[in-house]
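Structure data follow from coords05.cif (mmCIF, C-alpha atoms):
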data_protein
#
loop_
_atom_site.label_atom_id
_atom_site.label_comp_id
_atom_site.auth_asym_id
_atom_site.auth_seq_id
_atom_site.Cartn_x
_atom_site.Cartn_y
_atom_site.Cartn_z
CA VAL Z 1 0.00 0.00 0.00
CA ASP Z 2 2.84 2.40 0.86
CA VAL Z 3 4.43 1.81 -2.53
CA TYR Z 4 1.12 2.42 -4.31
CA LEU Z 5 0.52 5.66 -2.41
CA ARG Z 6 4.04 6.93 -3.12
CA TRP Z 7 3.57 6.07 -6.79
CA ILE Z 8 0.24 7.90 -6.86
CA ASP Z 9 1.80 10.93 -5.16
CA ALA Z 10 4.60 10.98 -7.75
CA LEU Z 11 2.07 10.88 -10.59
CA GLN Z 12 0.12 13.76 -9.08
CA THR Z 13 3.27 15.80 -8.59
CA ALA Z 14 4.11 15.24 -12.25
CA GLY Z 15 0.64 16.41 -13.26
CA ASN Z 16 -0.62 13.00 -14.36
CA SER Z 17 -3.93 13.26 -12.51
CA GLN Z 18 -5.84 10.69 -14.56
CA GLN Z 19 -3.12 8.07 -14.18
CA ALA Z 20 -3.03 8.76 -10.45
CA LEU Z 21 -6.81 8.28 -10.26
CA ASP Z 22 -6.67 5.05 -12.27
CA LEU Z 23 -3.95 3.72 -9.99
CA ALA Z 24 -6.01 4.69 -6.92
CA LYS Z 25 -8.90 2.60 -8.25
CA THR Z 26 -6.50 -0.33 -8.69
CA LEU Z 27 -5.30 0.17 -5.12
CA ALA Z 28 -8.87 0.08 -3.80
CA ARG Z 29 -9.59 -3.09 -5.76
CA ASP Z 30 -6.42 -4.91 -4.68
CA PHE Z 31 -6.60 -3.92 -0.99
CA PRO Z 32 -10.31 -3.61 -0.14
CA ASP Z 33 -9.73 -4.25 3.58
CA SER Z 34 -6.87 -1.79 4.06
CA LEU Z 35 -7.94 1.38 5.88
CA GLN Z 36 -4.75 3.09 4.76
CA ALA Z 37 -5.58 2.27 1.15
CA ARG Z 38 -9.17 3.45 1.40
CA ARG Z 39 -8.11 6.66 3.13
CA GLY Z 40 -5.56 7.28 0.40
CA VAL Z 41 -8.08 6.54 -2.33
CA GLY Z 42 -10.56 8.92 -0.71
CA THR Z 43 -7.94 11.65 -0.73
CA ILE Z 44 -7.24 11.04 -4.42
CA TYR Z 45 -10.95 11.14 -5.28
CA ARG Z 46 -11.35 14.37 -3.32
CA GLY Z 47 -8.40 15.96 -5.10
CA ALA Z 48 -9.94 14.97 -8.43
CA GLY Z 49 -13.26 16.58 -7.49
CA GLN Z 50 -15.06 13.23 -7.25
CA ASN Z 51 -16.46 13.99 -3.83
CA GLU Z 52 -19.27 11.43 -3.76
CA GLN Z 53 -16.72 8.62 -4.16
CA ALA Z 54 -14.40 10.29 -1.67
CA ALA Z 55 -17.16 10.43 0.93
CA VAL Z 56 -17.84 6.70 0.50
CA GLU Z 57 -14.18 5.86 1.12
CA PHE Z 58 -13.83 8.19 4.11
CA GLN Z 59 -17.06 6.88 5.65
CA ALA Z 60 -15.82 3.28 5.39
CA VAL Z 61 -12.59 4.19 7.16
CA LEU Z 62 -14.40 6.15 9.88
CA ASP Z 63 -16.85 3.31 10.51
CA ALA Z 64 -13.91 1.02 11.19
CA ALA Z 65 -11.80 3.59 13.07
CA PRO Z 66 -14.04 6.20 14.77
CA LEU Z 67 -11.04 7.75 16.57
CA ASP Z 68 -9.35 8.63 13.27
CA LEU Z 69 -9.52 12.43 13.54
CA ALA Z 70 -7.96 13.19 10.15
CA THR Z 71 -10.50 11.01 8.34
CA ARG Z 72 -13.41 12.47 10.33
CA LEU Z 73 -12.33 15.98 9.34
CA ALA Z 74 -11.86 14.93 5.70
CA LEU Z 75 -15.30 13.30 5.60
CA GLY Z 76 -17.05 16.31 7.13
CA GLU Z 77 -15.32 18.75 4.78
CA THR Z 78 -16.16 16.55 1.78
CA LEU Z 79 -19.83 16.39 2.79
CA ALA Z 80 -19.84 20.18 3.18
CA THR Z 81 -18.43 20.53 -0.32
CA LEU Z 82 -21.36 18.43 -1.53
CA GLY Z 83 -23.79 20.75 0.26
CA ARG Z 84 -24.73 18.06 2.78
CA PHE Z 85 -24.33 20.42 5.71
CA ASP Z 86 -26.46 18.56 8.24
CA GLU Z 87 -24.51 15.35 7.69
CA ALA Z 88 -21.22 17.22 7.97
CA THR Z 89 -22.34 18.82 11.23
CA ALA Z 90 -23.32 15.42 12.62
CA ILE Z 91 -19.92 13.97 11.73
CA PHE Z 92 -18.12 16.79 13.54
CA GLN Z 93 -20.48 16.75 16.53
CA ASP Z 94 -20.07 12.99 16.94
CA GLY Z 95 -16.32 13.54 17.04
CA LEU Z 96 -16.72 15.89 20.01
CA LYS Z 97 -17.89 12.87 22.01
CA GLN Z 98 -14.37 11.48 21.68
CA PRO Z 99 -11.65 12.51 24.15
CA ALA Z 100 -9.36 14.31 21.67
CA GLY Z 101 -9.48 16.64 18.68
CA HIS Z 102 -11.94 19.17 20.08
CA ALA Z 103 -9.98 22.21 18.86
CA GLU Z 104 -9.76 20.87 15.32
CA LEU Z 105 -13.40 19.77 15.24
CA ASN Z 106 -14.76 23.03 16.65
CA THR Z 107 -12.69 24.92 14.08
CA ALA Z 108 -14.22 22.77 11.35
CA ILE Z 109 -17.69 23.47 12.77
CA GLY Z 110 -16.88 27.17 12.71
CA ARG Z 111 -15.92 27.04 9.04
CA LEU Z 112 -19.05 25.06 8.26
CA ASN Z 113 -21.29 27.62 9.97
CA GLU Z 114 -19.43 30.46 8.31
CA SER Z 115 -19.98 28.92 4.87
CA GLN Z 116 -23.73 29.01 5.60
CA GLY Z 117 -23.67 32.62 6.78
CA LYS Z 118 -24.20 31.65 10.43
CA MET Z 119 -21.58 34.06 11.72
CA GLY Z 120 -22.63 34.05 15.37
CA ARG Z 121 -22.39 30.28 15.54
CA ALA Z 122 -19.08 30.36 13.70
CA ILE Z 123 -17.61 32.82 16.20
CA GLN Z 124 -18.76 30.68 19.12
CA ALA Z 125 -17.30 27.53 17.56
CA TYR Z 126 -13.92 29.21 17.01
CA ARG Z 127 -13.98 30.40 20.63
CA ASP Z 128 -14.78 26.87 21.79
CA ALA Z 129 -11.80 25.64 19.78
CA ILE Z 130 -9.48 28.15 21.46
CA THR Z 131 -10.83 27.16 24.86
CA ALA Z 132 -10.23 23.50 24.09
CA ASN Z 133 -6.63 24.16 23.04
CA PRO Z 134 -5.21 27.68 23.31
CA ASP Z 135 -2.12 26.52 21.39
CA TYR Z 136 -4.19 25.67 18.30
CA TRP Z 137 -3.42 28.92 16.50
CA GLN Z 138 -5.53 28.02 13.46
CA ALA Z 139 -8.71 28.66 15.47
CA ALA Z 140 -7.46 32.09 16.55
CA ALA Z 141 -6.57 32.88 12.93
CA GLU Z 142 -10.06 31.96 11.75
CA LEU Z 143 -11.70 33.99 14.52
CA GLY Z 144 -9.47 36.99 13.85
CA ARG Z 145 -10.21 36.81 10.13
CA VAL Z 146 -13.96 36.77 10.78
CA PHE Z 147 -13.71 39.79 13.08
CA VAL Z 148 -11.79 41.70 10.38
CA GLN Z 149 -14.45 40.81 7.81
CA LEU Z 150 -17.19 41.95 10.19
CA ASP Z 151 -15.42 45.29 10.70
CA ARG Z 152 -14.58 44.52 14.31
CA PRO Z 153 -10.82 45.15 14.16
CA ASN Z 154 -10.41 45.68 17.92
CA LYS Z 155 -11.79 42.20 18.59
CA ALA Z 156 -9.59 40.81 15.82
CA LEU Z 157 -6.50 42.42 17.34
CA GLU Z 158 -7.37 41.14 20.81
CA THR Z 159 -7.75 37.59 19.48
CA VAL Z 160 -4.63 37.60 17.34
CA ASN Z 161 -2.39 39.28 19.92
CA ALA Z 162 -3.31 36.63 22.50
CA ALA Z 163 -2.41 33.88 20.02
CA LEU Z 164 0.86 35.61 19.08
CA GLN Z 165 1.94 35.57 22.72
CA ARG Z 166 2.01 31.79 22.42
CA ARG Z 167 3.18 31.56 18.80
CA PRO Z 168 5.04 34.73 17.76
CA ASP Z 169 6.44 32.99 14.67
CA VAL Z 170 3.12 32.22 12.96
CA THR Z 171 2.94 34.37 9.83
CA PRO Z 172 -0.85 34.13 9.23
CA LEU Z 173 -1.36 35.60 12.71
CA LEU Z 174 1.08 38.41 11.96
CA THR Z 175 -0.71 39.10 8.68
CA LEU Z 176 -4.04 39.34 10.49
CA GLN Z 177 -2.45 41.60 13.08
CA GLY Z 178 -1.46 43.87 10.22
CA ASP Z 179 -4.94 43.73 8.70
CA ALA Z 180 -6.56 44.67 12.01
CA ASN Z 181 -4.15 47.54 12.60
CA LEU Z 182 -4.73 48.78 9.06
CA ALA Z 183 -8.50 48.75 9.63
CA LEU Z 184 -7.90 50.85 12.74
CA GLY Z 185 -5.86 53.37 10.75
CA ARG Z 186 -2.57 52.35 12.35
CA GLN Z 187 -0.46 52.21 9.20
CA PRO Z 188 3.01 52.02 10.84
CA GLU Z 189 1.93 49.14 13.07
CA ALA Z 190 0.31 47.35 10.14
CA LEU Z 191 3.42 47.73 8.00
CA ALA Z 192 5.60 46.45 10.85
CA SER Z 193 3.45 43.31 11.17
CA TYR Z 194 3.54 42.64 7.44
CA ARG Z 195 7.31 43.12 7.27
CA THR Z 196 7.90 40.85 10.28
CA ALA Z 197 5.83 38.13 8.63
CA LEU Z 198 7.64 38.65 5.33
CA ASP Z 199 11.04 38.41 7.03
CA LEU Z 200 10.04 35.12 8.67
CA LEU Z 201 8.94 33.71 5.32
CA THR Z 202 12.00 34.99 3.46
CA SER Z 203 14.25 33.26 5.98
CA ASP Z 204 12.64 29.90 5.18
CA ALA Z 205 15.44 27.63 4.05
CA ALA Z 206 13.26 25.61 1.68
CA PRO Z 207 10.32 27.74 0.51
CA ASP Z 208 7.51 25.83 -1.18
CA LEU Z 209 4.61 27.02 -3.31
CA GLY Z 210 2.51 27.80 -0.25
CA VAL Z 211 5.27 29.98 1.20
CA ALA Z 212 5.70 31.80 -2.12
CA GLN Z 213 1.97 32.53 -2.26
CA GLU Z 214 1.95 33.76 1.34
CA ARG Z 215 4.88 36.06 0.58
CA ALA Z 216 3.00 37.34 -2.48
CA VAL Z 217 -0.01 38.20 -0.31
CA LEU Z 218 2.17 40.17 2.11
CA LEU Z 219 4.00 42.01 -0.66
CA THR Z 220 0.65 42.93 -2.21
CA ARG Z 221 -0.58 44.36 1.09
CA ILE Z 222 2.65 46.33 1.48
CA GLY Z 223 2.34 47.55 -2.11
CA ALA Z 224 -1.22 48.74 -1.47
CA MET Z 225 -0.02 50.76 1.51
CA GLN Z 226 2.82 52.24 -0.54
CA LEU Z 227 0.36 53.14 -3.29
CA LYS Z 228 -1.92 54.87 -0.81
CA ALA Z 229 1.10 56.89 0.37
CA ARG Z 230 1.79 57.72 -3.31
CA ASN Z 231 5.15 55.99 -3.17
CA PHE Z 232 4.70 54.75 -6.73
CA ASN Z 233 8.13 53.25 -7.35
CA SER Z 234 8.11 51.19 -4.16
CA ALA Z 235 4.53 50.07 -4.78
CA GLN Z 236 5.36 48.93 -8.28
CA ALA Z 237 8.38 46.99 -7.01
CA SER Z 238 6.24 45.27 -4.35
CA PHE Z 239 3.47 44.30 -6.78
CA LYS Z 240 5.94 42.99 -9.36
CA GLU Z 241 7.85 40.96 -6.78
CA ALA Z 242 4.53 39.49 -5.64
CA LEU Z 243 3.75 38.44 -9.21
CA GLN Z 244 7.17 36.86 -9.61
CA LEU Z 245 6.37 34.69 -6.61
CA ASP Z 246 2.78 33.98 -7.67
CA PRO Z 247 1.77 34.93 -11.24
CA ASN Z 248 -1.86 34.22 -10.33
CA ALA Z 249 -1.98 36.71 -7.45
CA VAL Z 250 -5.16 38.54 -8.46
CA ALA Z 251 -4.76 41.30 -5.88
CA ALA Z 252 -1.26 42.09 -7.16
CA HIS Z 253 -2.54 42.43 -10.73
CA VAL Z 254 -5.31 44.73 -9.47
CA GLY Z 255 -2.74 46.69 -7.49
CA LEU Z 256 -0.64 47.22 -10.60
CA GLY Z 257 -3.69 48.34 -12.55
CA ASN Z 258 -4.61 50.86 -9.86
CA LEU Z 259 -1.00 52.03 -9.69
CA TYR Z 260 -0.81 52.85 -13.40
CA LEU Z 261 -4.08 54.80 -13.12
CA ALA Z 262 -2.80 56.70 -10.07
CA GLU Z 263 0.37 57.62 -11.97
CA ALA Z 264 -1.66 58.85 -14.94
CA MET Z 265 -3.89 60.98 -12.74
CA ALA Z 266 -0.88 62.41 -10.89
CA GLU Z 267 0.68 63.36 -14.23
CA THR Z 268 -2.51 65.14 -15.30
CA ALA Z 269 -2.77 66.98 -11.98
CA SER Z 270 0.81 68.23 -12.35
CA ARG Z 271 0.06 70.18 -15.52
CA ALA Z 272 0.14 73.94 -15.34
CA VAL Z 273 -3.31 74.26 -16.86
CA SER Z 274 -6.10 72.56 -14.91
CA PRO Z 275 -8.52 70.49 -16.98
CA GLU Z 276 -11.97 71.91 -17.52
CA PRO Z 277 -14.80 70.61 -15.32
CA GLY Z 278 -15.94 67.25 -16.58
CA ALA Z 279 -12.77 66.72 -18.63
CA PRO Z 280 -10.89 63.41 -18.34
CA LYS Z 281 -8.70 63.17 -15.25
CA ALA Z 282 -6.12 61.13 -17.13
CA THR Z 283 -4.96 61.08 -20.74
CA ASP Z 284 -1.76 59.00 -20.87
CA GLU Z 285 -2.63 56.18 -23.28
CA THR Z 286 0.46 54.15 -22.37
CA ARG Z 287 -0.58 53.97 -18.74
CA TYR Z 288 -4.18 53.33 -19.77
CA ASN Z 289 -3.05 50.28 -21.74
CA GLN Z 290 -0.81 49.09 -18.89
CA SER Z 291 -3.66 49.48 -16.40
CA ILE Z 292 -6.30 47.77 -18.49
CA SER Z 293 -3.91 44.91 -19.25
CA ALA Z 294 -3.22 44.31 -15.56
CA LEU Z 295 -6.90 44.50 -14.58
CA GLN Z 296 -8.05 42.25 -17.40
CA GLU Z 297 -5.36 39.75 -16.43
CA ALA Z 298 -6.84 39.75 -12.92
CA LEU Z 299 -10.28 39.01 -14.38
CA SER Z 300 -8.92 36.22 -16.54
CA ILE Z 301 -7.53 34.54 -13.41
CA ASP Z 302 -10.62 35.20 -11.28
CA PRO Z 303 -13.69 36.01 -13.38
CA GLU Z 304 -15.60 36.88 -10.18
CA SER Z 305 -13.12 39.50 -8.97
CA ILE Z 306 -15.02 42.54 -7.68
CA ASP Z 307 -11.87 44.62 -7.19
CA ALA Z 308 -10.83 44.11 -10.82
CA ARG Z 309 -14.24 45.32 -11.99
CA ILE Z 310 -14.09 48.36 -9.75
CA GLY Z 311 -10.61 49.09 -11.07
CA LEU Z 312 -11.81 48.88 -14.67
CA GLY Z 313 -14.72 51.15 -13.86
CA ASP Z 314 -12.40 53.68 -12.20
CA LEU Z 315 -9.99 53.50 -15.13
CA ASN Z 316 -12.59 54.18 -17.79
CA ALA Z 317 -14.27 56.90 -15.73
CA ALA Z 318 -10.94 58.67 -15.18
CA TYR Z 319 -10.24 58.65 -18.91
CA GLY Z 320 -13.65 60.10 -19.69
CA ARG Z 321 -15.02 56.81 -21.03
CA ARG Z 322 -18.05 56.97 -18.78
CA ALA Z 323 -20.35 54.70 -20.75
CA ASP Z 324 -17.64 52.02 -20.68
CA ALA Z 325 -17.25 52.41 -16.92
CA ILE Z 326 -20.91 51.82 -16.07
CA PRO Z 327 -21.10 48.07 -16.85
CA TYR Z 328 -18.08 47.35 -14.63
CA TYR Z 329 -19.63 49.18 -11.68
CA GLN Z 330 -22.96 47.44 -12.32
CA GLU Z 331 -21.28 44.03 -12.32
CA ALA Z 332 -19.40 44.85 -9.12
CA LEU Z 333 -22.63 45.88 -7.39
CA SER Z 334 -24.47 42.79 -8.60
CA ARG Z 335 -21.84 40.70 -6.82
CA ASP Z 336 -21.69 42.84 -3.69
CA PRO Z 337 -24.55 45.35 -3.19
CA ALA Z 338 -22.83 46.64 -0.04
CA GLN Z 339 -20.24 48.53 -2.12
CA THR Z 340 -21.51 51.99 -1.23
CA ASP Z 341 -18.59 53.82 -2.86
CA VAL Z 342 -19.28 52.05 -6.14
CA ARG Z 343 -22.97 52.91 -5.86
CA LYS Z 344 -22.09 56.60 -5.55
CA LYS Z 345 -19.72 56.44 -8.53
CA LEU Z 346 -22.40 54.78 -10.64
CA PHE Z 347 -25.00 57.38 -9.66
CA ASP Z 348 -22.62 60.22 -10.57
CA LEU Z 349 -22.02 58.71 -14.00
CA TYR Z 350 -25.74 58.40 -14.69
CA VAL Z 351 -26.20 62.08 -13.80
CA GLN Z 352 -23.25 63.20 -15.92
CA LEU Z 353 -24.56 61.27 -18.92
CA GLY Z 354 -28.10 62.59 -18.47
CA ARG Z 355 -29.56 59.10 -18.15
CA THR Z 356 -32.41 60.22 -15.90
CA GLU Z 357 -34.50 57.08 -16.18
CA GLU Z 358 -31.58 55.04 -14.92
CA VAL Z 359 -31.10 57.50 -12.05
CA VAL Z 360 -34.70 56.83 -10.94
CA SER Z 361 -34.16 53.09 -11.34
CA PHE Z 362 -30.93 53.41 -9.42
CA TYR Z 363 -32.65 55.07 -6.45
CA ARG Z 364 -35.45 52.52 -6.52
CA GLN Z 365 -32.98 49.64 -6.40
CA THR Z 366 -31.00 51.35 -3.65
CA LEU Z 367 -34.13 51.52 -1.49
CA ILE Z 368 -34.87 47.87 -2.19
CA ASP Z 369 -31.33 46.83 -1.24
CA ASN Z 370 -31.16 49.15 1.76
CA PRO Z 371 -34.55 50.45 3.03
CA ASP Z 372 -32.80 52.58 5.67
CA SER Z 373 -30.63 54.47 3.17
#

Take the structure in the file and give it back as structure tokens.
Amino acid sequence: VDVYLRWIDALQTAGNSQQALDLAKTLARDFPDSLQARRGVGTIYRGAGQNEQAAVEFQAVLDAAPLDLATRLALGETLATLGRFDEATAIFQDGLKQPAGHAELNTAIGRLNESQGKMGRAIQAYRDAITANPDYWQAAAELGRVFVQLDRPNKALETVNAALQRRPDVTPLLTLQGDANLALGRQPEALASYRTALDLLTSDAAPDLGVAQERAVLLTRIGAMQLKARNFNSAQASFKEALQLDPNAVAAHVGLGNLYLAEAMAETASRAVSPEPGAPKATDETRYNQSISALQEALSIDPESIDARIGLGDLNAAYGRRADAIPYYQEALSRDPAQTDVRKKLFDLYVQLGRTEEVVSFYRQTLIDNPDS
């Protein structure tokens, strides 16, 4: 079985997914009573997106070995992927009857609740995980991330700082510490957290793909702060280094697109003669092409990217291409109606273009989305 699993792993590493899957099926056939084999086959099925088959294999292993925490977690997560949330919850809850693994299981329950929009329950589950094992930093990271998303940065900072006292070398916690400080307007503290995390990752003797991606995330955050401070050269260097580490870093592509637009607008503002009211805020076609290329690359990687759409809307609006900007803002709002800044930009464009009927429709939809507005 060990030889089979190593062979399968080698095939996957080489990108031969179908051969790996075929070999996994052979392994299951030749060793039907081996829990190790069935667990390995389940993992292969899950990696191939064949989650129904994966769940069958994981369930068989768990029936025979109910104390197998890793398999219980894998089964619950697979069931959640299939949308079978009640079954996943039951699997995790049953595990809490066992003497060990409570931190991991409560964290899994938190993620499951979060995926269903049950944020209160998610927060409580993450807290239960921390109570069960304060050294399980993953639970603190999940709780801190949720608090940042819910615009509760003080709570996020409290959670993350407590975890960092136990594990000061955990880079995801340092990144969240930076995010929380940034949300509180503490730019120097945020930058210090990001740079500390980046230094820890850079010192890794054998960086893997995951480390490279984590470094790219940090460099993108640093680049965004540099861009906000109008330190264009440093921002560009940070975004480009991020993309060298991870060419699919959507946020870095968006950052570059926004940078080129900011440079174009700064160049226009520096002219001796101010543009007339309503005139384009930017005219540099080279930077326009650089910006649109970066933003479209972000969309090609993640077709659902809201930030890329907002960037494309801002770009076209700044260059006076208002009609071209409107669809991007509309698409961004359709994906996230809570984007109030985008809503204002869209309204302004309707007014400028004299599209009065759409202004009325816009207000009507705003009241539907937010009756208290």

Subject >> Explicit residues for the PyMOL selection byres ((chain Z and resi 78) around 12) (as an NGL selection string) >> reply: :Z and (42-43 or 45-47 or 49-59 or 71-77 or 79-85 or 87-89 or 91-92 or 108 or 112)

Subject >> Surrounding residues of Z:Ile306 excluding itself and chain neighbours under 6 positions, 10 Å, all atoms listed in the file, as a list in words >> reply: Leu299, Leu312, Tyr328, Tyr329, Glu331, Ala332, Leu333, Ser334, Arg335, Asp336 and Gln339 of chain Z

Could you save the residues just selected, with C-alpha atoms, as an mmCIF file, in the frame of the given file?
data_model
loop_
_atom_site.group_PDB
_atom_site.id
_atom_site.type_symbol
_atom_site.label_atom_id
_atom_site.label_comp_id
_atom_site.auth_asym_id
_atom_site.auth_seq_id
_atom_site.Cartn_x
_atom_site.Cartn_y
_atom_site.Cartn_z
ATOM 1 C CA LEU Z 299 -10.280 39.010 -14.380
ATOM 2 C CA LEU Z 312 -11.810 48.880 -14.670
ATOM 3 C CA TYR Z 328 -18.080 47.350 -14.630
ATOM 4 C CA TYR Z 329 -19.630 49.180 -11.680
ATOM 5 C CA GLU Z 331 -21.280 44.030 -12.320
ATOM 6 C CA ALA Z 332 -19.400 44.850 -9.120
ATOM 7 C CA LEU Z 333 -22.630 45.880 -7.390
ATOM 8 C CA SER Z 334 -24.470 42.790 -8.600
ATOM 9 C CA ARG Z 335 -21.840 40.700 -6.820
ATOM 10 C CA ASP Z 336 -21.690 42.840 -3.690
ATOM 11 C CA GLN Z 339 -20.240 48.530 -2.120
#

**OP:** Please check which residues have atoms at most 9 Å from (0.2, 42.1, -0.7) in the file's coordinates, counting all atoms listed in the file, and write them as a PyMOL selection string.
**Re:** chain Z and resi 194+214-225+238-239+242+249+251-252+255

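The residues caught by the PyMOL selection byres ((chain Z and resi 11-18) around 12) in this file are Tyr4, Leu5, Arg6, Trp7, Ile8, Asp9, Ala10, Gln19, Ala20, Leu21, Asp22, Leu23, Ala24, Lys25, Thr43, Ile44, Tyr45, Arg46, Gly47, Ala48 and Gly49 of chain Z.
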
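What separates atom CA of Z:Leu184 from atom CA of Z:Lys155 is a distance of 11.1 Å.
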
Given the point (-1.7, 37.1, 13.4) in the coordinates of this file, which residues lie within 7 Å, counting all atoms listed in the file, and how would they look as a compact mmCIF listing (two decimals) with C-alpha atoms, in the frame of the given file?
# COMPACT_ATOMS: atom_id res chain seq x y z
CA ALA Z 141 -6.57 32.88 12.93
CA VAL Z 160 -4.63 37.60 17.34
CA ASN Z 161 -2.39 39.28 19.92
CA LEU Z 164 0.86 35.61 19.08
CA VAL Z 170 3.12 32.22 12.96
CA THR Z 171 2.94 34.37 9.83
CA PRO Z 172 -0.85 34.13 9.23
CA LEU Z 173 -1.36 35.60 12.71
CA LEU Z 174 1.08 38.41 11.96
CA THR Z 175 -0.71 39.10 8.68
CA LEU Z 176 -4.04 39.34 10.49
CA GLN Z 177 -2.45 41.60 13.08

**OP:** To verify the selection step, state as a PyMOL selection string which residues the PyMOL selection byres ((chain Z and resi 146-153) around 12) yields on this input.
**Re:** chain Z and resi 110-111+113-115+117-127+139-145+154-161+175-186

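A straight line drawn from atom CA of Z:Asn231 to atom CA of Z:Asp307 is 20.9 Å long.
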
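Picture a line from atom CA of Z:Lys344 to atom CA of Z:Met265; it runs 20.1 Å.
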
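Distances here use all atoms listed in the file; by that measure, the residue among Z:Glu297, Z:Glu104, Z:Gln352, Z:Gln226 closest to Z:Gln187 is Z:Gln226.
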
Original post:
Which neighbours of stretch 279-289 of chain Z fall inside 9 Å, counting all atoms listed in the file, when residues of the same chain fewer than 5 positions from it are skipped, and could you give them as a ChimeraX atom specification?
Top reply: /Z:257,260-269,294,315-321

Hey, can I get the axis-aligned box for stretch 44-53 of chain Z? All listed atoms, 3 Å padding on each side, centre and edge lengths in Å to one decimal, as JSON.
{"center_x": -13.3, "center_y": 12.6, "center_z": -5.9, "size_x": 18.0, "size_y": 14.0, "size_z": 11.1}

Subject >> Top pick for closest residue to Z:Val41, considering Z:Arg166, Z:Arg29, Z:Arg309, Z:Arg355 and counting only C-alpha atoms >> reply: Z:Arg29
